[in-house]
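Q: Submitted below is the structure of interest, expressed as structure tokens.
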Amino acid sequence: MNINNFLRGRLIISNTPFPLSQELKDNYGEIENATTFVSVWKQPIKYEGIEFKEGPIFCVDKEFLDIFTYDVLEGDRNALAFPDKIIINKEIATLFFGDESAVGKELKINDESSFTVGAVIATNNKNSTLDFKILAPLDFMNKLYGVDITQWNNNWPRTSILLAQSTDIQNLNDGITDLLKDKGQSTTTLHLFPFKNERLYSYSGENNRIQYIYQFLGIALILILIASINFINLSTAKAEQRRPEVGIRKVMGANKLSVLKQFLIEKGIMIFLSLLLSAILVLLFIPAFQSITDKVVTFGHLQNKYMIFMLVTVIIMLILLSVVYPSLYLSSFSPVQAMKKINDNKQGGISLKNLLVVVQFVLSVVLISSTIIIS
């Protein structure tokens, strides 16, 4: 959970007082752990004559890595318990030390403070809400800006807490707001906000980024539907061309089930090979997609339960419409009907085909016109 400030009924911010996390841990049993952290952006960093301006730097307390878990590549995970140690990510370690071990090396930040590297951690800043490269002790704020981190009137850092499962959120909100009033901030209200909603949602409910997810998902589903309709129409047309084949097989003694089985196996193999080819194409084009969008996307994202559900749903619908329906339609003919060319616009297959063409045309018009209007 993050804690947001609601100031004077107008402004919602994520900044809280420095001593808040410790006070919460000491006085509220439902709070299992809490951490305070603040970003100080980029600072000049030196090592043996080499200088870069790097960051963001997070000034954090020693509980930060207990709540936000990162893989420790080398060193001591508890290095932040010491005021003269910092934790850096792999990018900074490679930048300053190359292939050498970074632990134990000394970095000077902002020409004033020297810190020993206590650990190196793995971060993924492009896909993470918390964007940092260096973790420094919270006391570093005093050295940088002269900030007294013991004062309650400094609403600078952010506070995140780990709650017990059965916590009454509203009751806790009221309690920590009363706590803040006791500390002299009578115009400020505190509210808990789930950290998992940090990226896509806002506390006020306005300007939620989740709307973009829904928009792109809708566009993707329309494109899939258009492609599926193409495949269904082609499958139905191809099936119509095989009417004489069905007639000959039935004359030779084949029953409805054997004809249906043949069509199902053929289309099943085609769909499987198509899925395999699409997976290979996705793997090949992921690097180019990442370069264009500046986002980290991996094939592992397809393991998401929602993605699996969507893929399975699309496959089932394709099988039902492009395989099962044409197969049932053709296998239902008698030998005479199958051998005879029938051109009847009232046939179910033709009616379905016309309906799909209209749907496809409407979807295409919607996409094209929406693109033009938005542009």
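Letters A, B, ... mark the chains of the structure tokens in the order given; residue numbers begin at 1 per chain; ligand numbers begin at 1, in order shown.
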Can you pull out every residue within 9 Å of Ile232 (chain A), counting only C-alpha atoms, but drop anything in the same chain fewer than 6 positions away, and send it as a PyMOL selection string?
A: chain A and resi 318+321-323+353+356
Q: DSSP says alpha helix (DSSP H) for which residues of region 197-300 of chain A? Put them as a count of residues only?
A: 79
Q: What's the 12 Å shell around Ile67 (chain A), counting only C-alpha atoms, without same-chain residues fewer than 5 positions away, as a PyMOL selection string?
A: chain A and resi 1-2+31-37+60-62+159-163+195
Q: Within 9 Å of Ile319 (chain A), counting only C-alpha atoms, which residues qualify if same-chain residues fewer than 4 places away don't, as a list in words?
A: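 Returned residues: Leu264, Lys267, Gly268, Ile271, Val314, Ile315, Val323, Val324 and Tyr325 of chain A.
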Q: Looking at only C-alpha atoms, which of A:Ala220, A:Tyr70, A:Lys295, A:Ile12 is the one that sits closest to Thr189 (chain A)?
A: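 Using only C-alpha atoms, the shortest distance to Thr189 (chain A) belongs to A:Ile12.
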Q: Could you tell me which of A:Asn4, A:Glu51, A:Leu225, A:Cys59 comes closest to Thr313 (chain A) if we count only C-alpha atoms?
A: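 Residue with the minimum atom-to-atom distance to Thr313 (chain A): A:Leu225.
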Q: So the first atom is CA of Phe193 (chain A) and the second is CA of Asn27 (chain A); what is the distance between them in Å, to one decimal place?
A: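 Interatomic distance, CA of Phe193 (chain A) to CA of Asn27 (chain A): 19.8 Å.
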Q: If I take CA of Gln43 (chain A) and CA of Asp111 (chain A), how far is one from the other in Å, to one decimal?
A: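 Between CA of Gln43 (chain A) and CA of Asp111 (chain A) the gap is 9.3 Å.
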Q: Would you work out the distance separating CA of Ile50 (chain A) from CA of Ile87 (chain A), expressed in Å to one decimal?
A: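 Straight-line distance from CA of Ile50 (chain A) to CA of Ile87 (chain A) works out to 18.7 Å.
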